[in-house]
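Below: one structure, written as structure tokens.
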Amino acid sequence: MSSGQLEPTDRAPAKRRTVLAWALWDWGSAAQNAVITTFVFGPYIVQGVVGDARPGGLTGNTWVGISTAVAGVFIALIAPISGKRADAGGHRRRNLAVWSGLMLLTMIGLFWVKNEPSYLWLGLLLLAAGNVFSEFAAVSYNSMLPQVSTKATIGRVSGFGWAMGYFGGIFLLLICYVGFISPDVGWFGAGDEGGLRYRAIALMAAAWFGIFALPVLFAVPEAPAAGGVKAGRGIIDSYRQLIRDIVALFKADRHAVYFLLASALYRDGLAAVFSFGAILAVSVYGMASGTVLIFGVVANVAAALGAVAMGRVEDRIGPKRVVLISLAGLVLMACTLLVVALLQPPNITTLFWIFALLMVLWVGPAQASSRSYLARIAPPDREGELFGLYATTGRAASFLAPTLFAVFSGLFGDRIGIVGIILVLVGGAVALLPVRPPRSAPDTDRATGSGHDLQQT
């Protein structure tokens, strides 16, 4: 990495259809994030496939946690050199196509996971593989952000992409609820026997992702190969070069490394908000299990609106301030929910709806501005490498929020589990405070752009 060249070069504004094609991948990937992992198929593995059985003496929740941890190890080890090698060879779009194709295959494979404990291992393997392929695909996808934005519009384009992801999840969850979950017999005769309604949802998710992942592969051109970097390095050489580049990045702009570490903390907290939100809704705040999917839909709406609104604000005040404001809003609402859980008022479910939605309103802006923050500081032609490190640092800290949630829940009861999430969010905010904003951000050097830049969104 060359020193002194840590802000992305400004490019001509991309056409609307190019930005839309890029964002449609976010829209389609909600099939993996919202449906397969979070609200539908993940819970099906625990409740439908395992149920009350204890394979190997462990619960379904524990086994899912183990498979997620194993997937995280693979991501942490491979993501940075995957992005680096894609930069070197000019293969971001090709890599995105490969990883997206593998994601699609794992979704299709879930159709064969019946609601019997003997199918747990197949389900865990496919869930873990899907998470790995999704993260690798996201490295290539996120590294394309500077190709579809300029310094003056990167915040709103990133926010637009995140919002598309949330809205994609909303539409697909509603389709799944109306078509497969709500009726006694779903579309195509999918009922409870053999877990068919959930297996059919896996095919629906695969079709959804397959359709909307295609436009970016045709609309966004391949980035040129990074100059001065050999694409044909072996794996060991790639790691050696990676270490040298991290050292060079630290010498050139150590605040970029500080940001990676700080964001690893608070992004783990952001992930936990959704991961444990549904669990807390049912176990602590009295929400009916059938209502959780509807809550997921509304929560995605709130997060999407927050991402869109604050994406435009970011282009004025900079990504660091947006992230800090968002983290403050998240901590405040989480503390309010903790008080509600301790008091157990008669209208506790209604209060959960209100404050939980106000909480997730800030998740979208924090995620979107973190992505644009990194895109602003990435040296030209090295975006994939830096987003690979972004994925790696995030996975390296991914055990913190789940572990603290489990500790506080185990020691003090389910109502106190949210304290673990609060601590991780606060820790991330404190770590981010001394980090210098990116030089191209309005925090220190207000970006300028003519009105025609707005055509991107």
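Note on naming: chains are A, B, ... as they come in the structure tokens, residues start from 1 per chain, ligands start from 1 in the order shown.
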Using only C-alpha atoms, which protein or nucleic acid residues come within 8 Å of segment 336-353 of chain A? Drop anything in the same chain fewer than 4 positions from it, and give the result as a PDB file with N, CA and C atoms, in the first residue's frame.
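Result went into selection35.pdb, see below:
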```pdb
ATOM      1  N   ALA A 281     -37.973 -11.024  22.480  1.00  0.00           N
ATOM      2  CA  ALA A 281     -39.376 -10.670  22.259  1.00  0.00           C
ATOM      3  C   ALA A 281     -40.306 -11.740  22.800  1.00  0.00           C
ATOM      4  N   VAL A 284     -39.039 -12.718  27.031  1.00  0.00           N
ATOM      5  CA  VAL A 284     -39.063 -11.695  28.069  1.00  0.00           C
ATOM      6  C   VAL A 284     -40.255 -10.753  27.936  1.00  0.00           C
ATOM      7  N   TYR A 285     -40.574 -10.376  26.700  1.00  0.00           N
ATOM      8  CA  TYR A 285     -41.569  -9.316  26.508  1.00  0.00           C
ATOM      9  C   TYR A 285     -42.938  -9.826  26.088  1.00  0.00           C
ATOM     10  N   GLY A 286     -43.154 -11.134  26.114  1.00  0.00           N
ATOM     11  CA  GLY A 286     -44.484 -11.703  25.943  1.00  0.00           C
ATOM     12  C   GLY A 286     -45.038 -11.692  24.539  1.00  0.00           C
ATOM     13  N   MET A 287     -44.198 -11.576  23.513  1.00  0.00           N
ATOM     14  CA  MET A 287     -44.700 -11.574  22.143  1.00  0.00           C
ATOM     15  C   MET A 287     -44.993 -13.002  21.702  1.00  0.00           C
ATOM     16  N   PHE A 295     -42.981  -8.756  13.422  1.00  0.00           N
ATOM     17  CA  PHE A 295     -42.061  -7.808  14.050  1.00  0.00           C
ATOM     18  C   PHE A 295     -40.800  -7.646  13.212  1.00  0.00           C
ATOM     19  N   LEU A 332     -29.278   4.087  24.308  1.00  0.00           N
ATOM     20  CA  LEU A 332     -30.377   4.704  25.049  1.00  0.00           C
ATOM     21  C   LEU A 332     -31.632   3.829  24.996  1.00  0.00           C
ATOM     22  N   LEU A 357     -38.433  -0.856  18.154  1.00  0.00           N
ATOM     23  CA  LEU A 357     -38.415  -0.263  16.814  1.00  0.00           C
ATOM     24  C   LEU A 357     -37.601   1.030  16.795  1.00  0.00           C
ATOM     25  N   ARG A 415     -33.983 -11.576  31.536  1.00  0.00           N
ATOM     26  CA  ARG A 415     -34.275 -10.143  31.447  1.00  0.00           C
ATOM     27  C   ARG A 415     -33.012  -9.286  31.444  1.00  0.00           C
ATOM     28  N   ILE A 416     -31.908  -9.831  31.980  1.00  0.00           N
ATOM     29  CA  ILE A 416     -30.675  -9.049  32.098  1.00  0.00           C
ATOM     30  C   ILE A 416     -29.734  -9.309  30.926  1.00  0.00           C
ATOM     31  N   ILE A 418     -29.745  -8.454  27.921  1.00  0.00           N
ATOM     32  CA  ILE A 418     -29.499  -7.308  27.037  1.00  0.00           C
ATOM     33  C   ILE A 418     -28.335  -6.452  27.527  1.00  0.00           C
ATOM     34  N   VAL A 419     -27.973  -6.581  28.812  1.00  0.00           N
ATOM     35  CA  VAL A 419     -26.828  -5.821  29.329  1.00  0.00           C
ATOM     36  C   VAL A 419     -25.557  -6.175  28.564  1.00  0.00           C
TER      37      VAL A 419
END
```
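Omitting Arg93 of chain A and its sequence neighbours fewer than 2 positions away, and counting only C-alpha atoms, the residues within 10 Å are Ala86, Gly90, His91, Asn95, Leu96, Ala97, Val98, Ala137, Ser140, Tyr141, Ser143, Met144, Val216, Leu217, Phe218, Val220, Pro221, Glu222 and Ala223 of chain A.
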| request: Find the spatial neighbours of Phe39 of chain A, counting only C-alpha atoms, within a cut-off of 9 Å - ignore same-chain residues fewer than 2 positions away - and output them as a PyMOL selection string. | output: chain A and resi 33-37+41-44+173+275+278+292-293+296
Would you mind exporting C-alpha atoms of the selected residues as a compact mmCIF listing (two decimals), in the first residue's frame?
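The resulting file, selection01.txt, is reproduced below:
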```txt
# COMPACT_ATOMS: atom_id res chain seq x y z
CA ASN A 33 -29.68 -12.77 5.96
CA ALA A 34 -33.31 -12.25 6.91
CA VAL A 35 -34.95 -15.51 5.83
CA ILE A 36 -32.38 -18.30 5.97
CA THR A 37 -30.29 -17.16 8.93
CA PHE A 41 -34.79 -21.31 8.52
CA GLY A 42 -32.40 -20.81 11.45
CA PRO A 43 -35.27 -21.13 13.96
CA TYR A 44 -36.61 -24.08 11.94
CA LEU A 173 -40.68 -12.14 4.73
CA SER A 275 -29.89 -12.09 16.50
CA ALA A 278 -36.56 -12.23 18.40
CA VAL A 292 -42.18 -12.46 15.60
CA LEU A 293 -42.03 -12.62 11.81
CA GLY A 296 -39.13 -8.70 11.81
```
Write out, as a Markdown table, each residue of segment 286-351 of chain A that has an atom at most 12 Å from segment 255-271 of chain A, together with the closest pair of atoms and their distance in Å to one decimal, counting only C-alpha atoms, rows going by chain and rising number.
```
| residue | atom | partner | partner_atom | distance |
| --- | --- | --- | --- | --- |
| A:Ala303 | CA | A:Leu270 | CA | 11.3 |
| A:Pro319 | CA | A:Phe259 | CA | 11.5 |
| A:Lys320 | CA | A:Phe259 | CA | 9.6 |
| A:Val323 | CA | A:Ser263 | CA | 9.5 |
| A:Leu324 | CA | A:Tyr266 | CA | 10.2 |
| A:Ser326 | CA | A:Leu270 | CA | 10.4 |
| A:Leu327 | CA | A:Tyr266 | CA | 8.0 |
| A:Ala328 | CA | A:Tyr266 | CA | 11.3 |
| A:Leu330 | CA | A:Leu270 | CA | 8.8 |
| A:Val331 | CA | A:Gly269 | CA | 10.1 |
| A:Ala334 | CA | A:Gly269 | CA | 11.1 |
```
| query | So which residues touch Ala129 of chain A within 12 Å, counting only C-alpha atoms, skipping near sequence neighbours fewer than 6 positions away, as JSON, numbers by chain? | reply | {"A": [32, 36, 37, 67, 68, 69, 70, 71, 72, 73, 74, 75, 99, 100, 102, 103, 104, 105, 106, 107, 109, 110, 122, 123, 135, 136]}
| Hey, which of A:Phe274, A:Trp63, A:Phe188, A:Trp22 ends up closest to Leu120 of chain A? Count only C-alpha atoms. |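 Checking each of A:Phe274, A:Trp63, A:Phe188, A:Trp22 against Leu120 of chain A, counting only C-alpha atoms, the winner is A:Trp63.
When atom CA of Leu425 of chain A is paired with atom CA of Leu280 of chain A, their separation reads 17.5 Å.
Summary of the local environment: counting only C-alpha atoms, residues at most 12 Å from Gly191 of chain A, other than itself and those fewer than 2 positions away along its chain, are Asn115, Gly179, Phe180, Ile181, Ser182, Pro183, Asp184, Val185, Gly186, Trp187, Phe188, Gly189, Glu193, Gly194, Gly195, Leu196, Arg197, Tyr198, Arg199, Ala200 and Ile201 of chain A.
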Output file for the selection above: C-alpha atoms, as a tab-separated table (two decimals), in the first residue's frame:
```
chain	number	residue	atom	x	y	z
A	115	ASN	CA	-37.80	-31.95	10.42
A	179	GLY	CA	-47.68	-17.94	1.20
A	180	PHE	CA	-46.21	-20.52	3.58
A	181	ILE	CA	-46.38	-19.65	7.30
A	182	SER	CA	-49.88	-18.27	7.89
A	183	PRO	CA	-52.13	-20.76	5.99
A	184	ASP	CA	-52.69	-24.32	7.22
A	185	VAL	CA	-51.52	-25.49	3.81
A	186	GLY	CA	-49.20	-23.14	2.00
A	187	TRP	CA	-48.56	-22.57	-1.66
A	188	PHE	CA	-47.85	-25.66	-3.74
A	189	GLY	CA	-49.41	-27.80	-1.01
A	193	GLU	CA	-45.36	-32.85	7.17
A	194	GLY	CA	-41.62	-33.28	6.76
A	195	GLY	CA	-41.18	-29.54	7.43
A	196	LEU	CA	-42.22	-28.92	3.84
A	197	ARG	CA	-43.43	-25.37	4.36
A	198	TYR	CA	-39.98	-24.31	5.60
A	199	ARG	CA	-38.13	-26.31	2.96
A	200	ALA	CA	-40.29	-24.61	0.31
A	201	ILE	CA	-39.29	-21.24	1.78
```
